[in-house]
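Asker: First the structure, then my questions, so here it is.
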Protein chains: 2
Amino acid sequence: MSVKNIYVIGVGLIGGSIARDVKNLNPNISLFGVDSNPTHLKEALELKVIDFKATLKDVANADFVILAVPVDVSVKLLPEVLDLVSDDALVMDVGSTKSDICKVVENHAKRRNFLATHPIAGTEFSGPKAALLGLFKNKTNIICEIEKTAFKLQEKALTIFQIMGMRIRYMNPEAHDKHIAYVSHLSHISAFMLGKTVIDKENNERDIFDMAGSGFASTVRLAKSSPAMWTPIFKQNKENVIETLEEYISNLTHFKEKIQKEDFETVFKEMENTNRIKDILNGIE
Amino acid sequence: MSVKNIYVIGVGLIGGSIARDVKNLNPNISLFGVDSNPTHLKEALELKVIDFKATLKDVANADFVILAVPVDVSVKLLPEVLDLVSDDALVMDVGSTKSDICKVVENHAKRRNFLATHPIAGTEFSGPKAALLGLFKNKTNIICEIEKTAFKLQEKALTIFQIMGMRIRYMNPEAHDKHIAYVSHLSHISAFMLGKTVIDKENNERDIFDMAGSGFASTVRLAKSSPAMWTPIFKQNKENVIETLEEYISNLTHFKEKIQKEDFETVFKEMENTNRIKDILNGIE
């Protein structure tokens, strides 16, 4: 791998985890961290997620830049980063939305230095402390508009993903954003609103949470996620997110009406049909 | 423990797991299984979840009967079981609803032989194969109307729960059903309808599920649960379940409208407030 140094912009869960994997695979690579949060940068150094602190301007020296910041920051920073980097550098983003980021550099002179990716892995935690070695092993990485990236840089990126153990899927940004709204963005809203509904109701009765079992914990887990990360995702993917929410609300309302009408045969059948999720989930968990 | 034999009616996830714990704690106890499903009974014997097959009438010989069947079957069987058992026998149910079961034996001559319990533990699987040793360790067990059970039988039950490592909470059946709707029943519907929404949309595009990560898997996990178990729970706890669903739908609709109106400050704040679930969940997971 002809990469001697990597600049990670945003040393949090995703950026930090990629850094850990890369360092583990090749200890000779120098890892530079850039972050608007000085505490995170200090933590990342202490935890050896990165080797050195750096500033945005330093990316001029980068072989490889990983942009791992909230998606609203990504669309602002990416053109600046591309302006700064050398002609041979690879710049990759890892955001959960792909249309806006692809659009913002559509006509950039260095478009061929950029690769749009979405490595689908994570936990509900954030910051450099949340960075995990091996987080991406056997996980899916969606790559968008591969044909717009220079061939040599494609090769460089794919080699790294392969060593990290990721499965690659190619998709256009619009299809990515549409489907990811169903299999990821909706789950987060579902969990956040479940958490809200229960907290609102049981606010003054803390003992009630003694009644909550592992099922509740599992369903509401994503409500621990970072609002700073998720608000801009919902903003960028507004149309798709609203569509999924409307379908979800309609299904919930329909289910509620069946209970109200005591049509428990339909209630049973809807659950039985959805049990198919067992087969679908095989391999994800 | 003066219990020589235990009859488990319904040798599935919960009944089978209790049987495993009891046998582990005292190998001298004889475990008899009763089940309307002959395959389950055979499996339970093969897996050594029970020592012997039995029929309902045999409970006349029981020291202790555990009724671990769907809640609609429980309300039918409990009066029959109480009719059959000896004066010293303890009969316990383990259902996820408590009002109907308490009502159905309110005036039964052997009401004092019955203890209404809800051990809050489980997985999304069912049947004797799903029975786990130690499932109830450090879990909460809600006991309703303790004062209506004979003192000596209370003592017998509490000794068993203590050895199993359960935390006991006392609650009236109405309060139990109201709160459990929030922290358990709603999570199940939320997961089932999330699964349905995604399956309906992505039915013809199986590749899409490659995009689903561990977050989706966690949020939708309960959609693998048994419709035969859950339909009668929603039926018995209809009013409370509808109330929780209405609040959940209203919160989702409100969140959707904030996204539509591009009020992302409120979107952020709602998620930030719900992050408190982190502290609440400590100790559950």
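Here's how to read the names in the structure tokens: chain A, B, ... by the order shown, residue numbers from 1 in each chain, ligand numbers from 1 in the order shown.
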May I ask you to extract the residues of chain B within 7 Å of chain A, using only C-alpha atoms, and to give them as an MDAnalysis selection string?
Answerer: chainID B and resid 120:121 140 179:180 182:184 187 191:198 208 210:220 222:224 227 231 238 242 245 247:249 251:252 256 259 264 267:268 271:272 274:275 277:278 281 284:285
Asker: Env of Val8 of chain A: 8 Å cut, atoms = only C-alpha atoms, seq-sep filter 3 positions within chain, self excluded. Answer as a list in words.
Answerer: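 Within the cut-off, the hits are Val11, Gly15, Gly16, Ala19, Leu31, Phe32, Gly33, Val34, Val65, Ile66, Leu67 and Ala68 of chain A.
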Asker: Mind writing the picked residues with N, CA and C atoms as a CSV table (one decimal), in the first residue's frame?
Answerer:
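Output file part.csv follows:
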chain,number,residue,atom,x,y,z
A,11,VAL,N,-12.2,12.7,14.7
A,11,VAL,CA,-11.6,11.5,15.3
A,11,VAL,C,-12.6,10.8,16.2
A,15,GLY,N,-14.4,7.7,12.3
A,15,GLY,CA,-13.0,8.1,11.9
A,15,GLY,C,-12.0,7.4,12.7
A,16,GLY,N,-12.2,7.3,14.1
A,16,GLY,CA,-11.3,6.7,15.0
A,16,GLY,C,-11.2,5.2,14.8
A,19,ALA,N,-9.1,4.6,11.8
A,19,ALA,CA,-7.7,4.8,12.1
A,19,ALA,C,-7.1,3.6,12.9
A,31,LEU,N,-0.6,8.6,11.4
A,31,LEU,CA,-2.0,9.0,11.5
A,31,LEU,C,-2.1,10.4,12.1
A,32,PHE,N,-2.6,11.3,11.3
A,32,PHE,CA,-2.8,12.7,11.7
A,32,PHE,C,-4.3,12.9,12.0
A,33,GLY,N,-4.6,13.6,13.1
A,33,GLY,CA,-6.0,13.9,13.5
A,33,GLY,C,-6.3,15.3,13.4
A,34,VAL,N,-7.5,15.6,12.8
A,34,VAL,CA,-8.0,17.0,12.7
A,34,VAL,C,-9.3,17.0,13.4
A,65,VAL,N,-7.1,11.2,2.9
A,65,VAL,CA,-7.9,12.0,3.9
A,65,VAL,C,-9.2,11.3,4.1
A,66,ILE,N,-9.5,11.0,5.4
A,66,ILE,CA,-10.8,10.4,5.7
A,66,ILE,C,-11.7,11.5,6.4
A,67,LEU,N,-12.8,11.8,5.7
A,67,LEU,CA,-13.6,12.9,6.3
A,67,LEU,C,-14.8,12.2,7.1
A,68,ALA,N,-14.7,12.3,8.4
A,68,ALA,CA,-15.6,11.5,9.2
A,68,ALA,C,-16.3,12.4,10.2
Asker: Per residue of segment 3-26 of chain A within 8 Å of segment 163-166 of chain A, what are the shortest atom pair and its distance in Å to one decimal, counting only C-alpha atoms, with rows by chain and residue number, as a Markdown table?
Answerer:
| residue | atom | partner | partner_atom | distance |
| --- | --- | --- | --- | --- |
| A:Asp21 | CA | A:Met164 | CA | 6.6 |
| A:Val22 | CA | A:Met164 | CA | 7.8 |
| A:Leu25 | CA | A:Ile163 | CA | 7.6 |
Asker: Just list the residues in segment 101-210 of chain A DSSP gives strand (DSSP E or B) on the backbone, as a list of chain:residue names.
Answerer: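 Secondary structure check on segment 101-210 of chain A, strand (DSSP E or B): A:Phe114, A:Leu115, A:Ala116, A:Thr117, A:His118, A:Pro119, A:Ile120, A:Thr140, A:Asn141, A:Ile142, A:Ile143, A:Cys144, A:Arg167, A:Ile168, A:Arg169, A:Tyr170, A:Met171.
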Asker: Go ahead and save the picked residues with all heavy atoms, as a compact mmCIF listing (two decimals), in the first residue's frame.
Answerer:
# COMPACT_ATOMS: atom_id res chain seq x y z
N PHE A 114 -11.86 12.17 -5.13
CA PHE A 114 -12.85 11.88 -4.06
C PHE A 114 -13.54 10.55 -4.28
O PHE A 114 -13.90 10.18 -5.40
CB PHE A 114 -13.89 13.01 -4.03
CG PHE A 114 -15.06 12.72 -3.13
CD1 PHE A 114 -14.88 12.50 -1.76
CD2 PHE A 114 -16.35 12.68 -3.64
CE1 PHE A 114 -15.96 12.23 -0.93
CE2 PHE A 114 -17.45 12.42 -2.82
CZ PHE A 114 -17.25 12.19 -1.47
N LEU A 115 -13.73 9.81 -3.17
CA LEU A 115 -14.54 8.59 -3.19
C LEU A 115 -15.63 8.70 -2.12
O LEU A 115 -15.34 8.94 -0.95
CB LEU A 115 -13.66 7.36 -2.90
CG LEU A 115 -14.38 6.00 -3.00
CD1 LEU A 115 -14.77 5.68 -4.45
CD2 LEU A 115 -13.51 4.88 -2.44
N ALA A 116 -16.89 8.53 -2.56
CA ALA A 116 -18.04 8.62 -1.65
C ALA A 116 -18.33 7.23 -1.08
O ALA A 116 -18.67 6.32 -1.84
CB ALA A 116 -19.26 9.15 -2.40
N THR A 117 -18.21 7.07 0.24
CA THR A 117 -18.45 5.75 0.84
C THR A 117 -19.38 5.85 2.04
O THR A 117 -19.53 6.92 2.64
CB THR A 117 -17.13 5.09 1.32
OG1 THR A 117 -16.75 5.66 2.59
CG2 THR A 117 -16.00 5.25 0.33
N HIS A 118 -20.00 4.74 2.36
CA HIS A 118 -20.78 4.65 3.59
C HIS A 118 -20.52 3.27 4.21
O HIS A 118 -21.21 2.31 3.91
CB HIS A 118 -22.27 4.84 3.32
CG HIS A 118 -23.10 4.77 4.57
ND1 HIS A 118 -24.46 4.62 4.56
CD2 HIS A 118 -22.74 4.82 5.88
CE1 HIS A 118 -24.91 4.57 5.80
NE2 HIS A 118 -23.90 4.68 6.62
N PRO A 119 -19.51 3.20 5.08
CA PRO A 119 -19.27 1.94 5.78
C PRO A 119 -20.37 1.76 6.83
O PRO A 119 -20.52 2.58 7.73
CB PRO A 119 -17.90 2.14 6.44
CG PRO A 119 -17.60 3.60 6.37
CD PRO A 119 -18.62 4.27 5.52
N ILE A 120 -21.17 0.70 6.67
CA ILE A 120 -22.34 0.55 7.54
C ILE A 120 -21.97 -0.24 8.78
O ILE A 120 -22.06 -1.47 8.84
CB ILE A 120 -23.52 -0.08 6.77
CG1 ILE A 120 -23.87 0.86 5.61
CG2 ILE A 120 -24.73 -0.26 7.70
CD1 ILE A 120 -24.95 0.36 4.72
N THR A 140 -20.86 -4.12 5.57
CA THR A 140 -21.04 -3.66 4.19
C THR A 140 -20.54 -2.23 4.03
O THR A 140 -20.76 -1.40 4.91
CB THR A 140 -22.54 -3.75 3.81
OG1 THR A 140 -22.96 -5.10 3.93
CG2 THR A 140 -22.77 -3.27 2.38
N ASN A 141 -19.88 -1.96 2.94
CA ASN A 141 -19.49 -0.59 2.62
C ASN A 141 -20.13 -0.23 1.27
O ASN A 141 -19.89 -0.89 0.27
CB ASN A 141 -17.96 -0.50 2.52
CG ASN A 141 -17.48 0.95 2.53
OD1 ASN A 141 -18.28 1.87 2.55
ND2 ASN A 141 -16.17 1.14 2.50
N ILE A 142 -20.98 0.79 1.29
CA ILE A 142 -21.62 1.23 0.04
C ILE A 142 -20.73 2.28 -0.61
O ILE A 142 -20.37 3.27 0.04
CB ILE A 142 -23.00 1.85 0.31
CG1 ILE A 142 -23.85 1.00 1.25
CG2 ILE A 142 -23.72 2.16 -1.00
CD1 ILE A 142 -24.47 -0.20 0.64
N ILE A 143 -20.40 2.06 -1.86
CA ILE A 143 -19.61 3.04 -2.61
C ILE A 143 -20.48 3.64 -3.71
O ILE A 143 -21.15 2.91 -4.44
CB ILE A 143 -18.34 2.39 -3.20
CG1 ILE A 143 -17.46 1.89 -2.04
CG2 ILE A 143 -17.57 3.38 -4.09
CD1 ILE A 143 -16.12 1.34 -2.48
N CYS A 144 -20.50 4.97 -3.78
CA CYS A 144 -21.32 5.65 -4.78
C CYS A 144 -20.46 6.29 -5.86
O CYS A 144 -19.38 6.81 -5.55
CB CYS A 144 -22.19 6.71 -4.12
SG CYS A 144 -23.41 6.00 -2.99
N ARG A 167 -17.37 -5.91 2.96
CA ARG A 167 -18.03 -6.30 1.71
C ARG A 167 -18.40 -5.03 0.96
O ARG A 167 -19.01 -4.13 1.55
CB ARG A 167 -19.33 -7.07 2.00
CG ARG A 167 -19.14 -8.38 2.71
CD ARG A 167 -20.49 -9.01 3.00
NE ARG A 167 -21.32 -8.12 3.83
CZ ARG A 167 -22.45 -8.46 4.37
NH1 ARG A 167 -22.95 -9.67 4.15
NH2 ARG A 167 -23.13 -7.62 5.12
N ILE A 168 -18.08 -4.96 -0.31
CA ILE A 168 -18.36 -3.74 -1.08
C ILE A 168 -19.64 -3.89 -1.89
O ILE A 168 -19.90 -4.93 -2.50
CB ILE A 168 -17.18 -3.43 -2.04
CG1 ILE A 168 -15.86 -3.38 -1.27
CG2 ILE A 168 -17.43 -2.14 -2.80
CD1 ILE A 168 -15.78 -2.32 -0.22
N ARG A 169 -20.47 -2.84 -1.87
CA ARG A 169 -21.65 -2.78 -2.75
C ARG A 169 -21.61 -1.43 -3.47
O ARG A 169 -21.30 -0.42 -2.85
CB ARG A 169 -22.95 -2.86 -1.93
CG ARG A 169 -23.17 -4.18 -1.22
CD ARG A 169 -23.58 -5.28 -2.19
NE ARG A 169 -23.80 -6.54 -1.49
CZ ARG A 169 -22.85 -7.41 -1.18
NH1 ARG A 169 -21.60 -7.16 -1.50
NH2 ARG A 169 -23.13 -8.54 -0.56
N TYR A 170 -21.98 -1.44 -4.75
CA TYR A 170 -21.99 -0.20 -5.53
C TYR A 170 -23.43 0.25 -5.73
O TYR A 170 -24.32 -0.57 -5.98
CB TYR A 170 -21.29 -0.41 -6.87
CG TYR A 170 -19.84 -0.80 -6.68
CD1 TYR A 170 -19.45 -2.13 -6.70
CD2 TYR A 170 -18.88 0.17 -6.43
CE1 TYR A 170 -18.12 -2.49 -6.49
CE2 TYR A 170 -17.55 -0.17 -6.23
CZ TYR A 170 -17.18 -1.51 -6.25
OH TYR A 170 -15.87 -1.85 -6.04
N MET A 171 -23.66 1.54 -5.65
CA MET A 171 -25.03 2.06 -5.71
C MET A 171 -24.97 3.53 -6.09
O MET A 171 -23.98 4.19 -5.78
CB MET A 171 -25.60 1.92 -4.29
CG MET A 171 -27.10 1.89 -4.20
SD MET A 171 -27.60 1.50 -2.50
CE MET A 171 -27.73 -0.27 -2.60
Asker: If DSSP is run on the backbone, what residues of segment 50-228 of chain A are alpha helix (DSSP H)? A reply as an MDAnalysis selection string would be ideal.
Answerer: chainID A and resid 71:84 99:104 151:164 173:180 186:202 214:220 227:228
Asker: Could you please determine the separation between atom CA of Arg111 of chain B and atom CA of Leu82 of chain B in Å, to one decimal place?
Answerer: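 The value is 7.8 Å.
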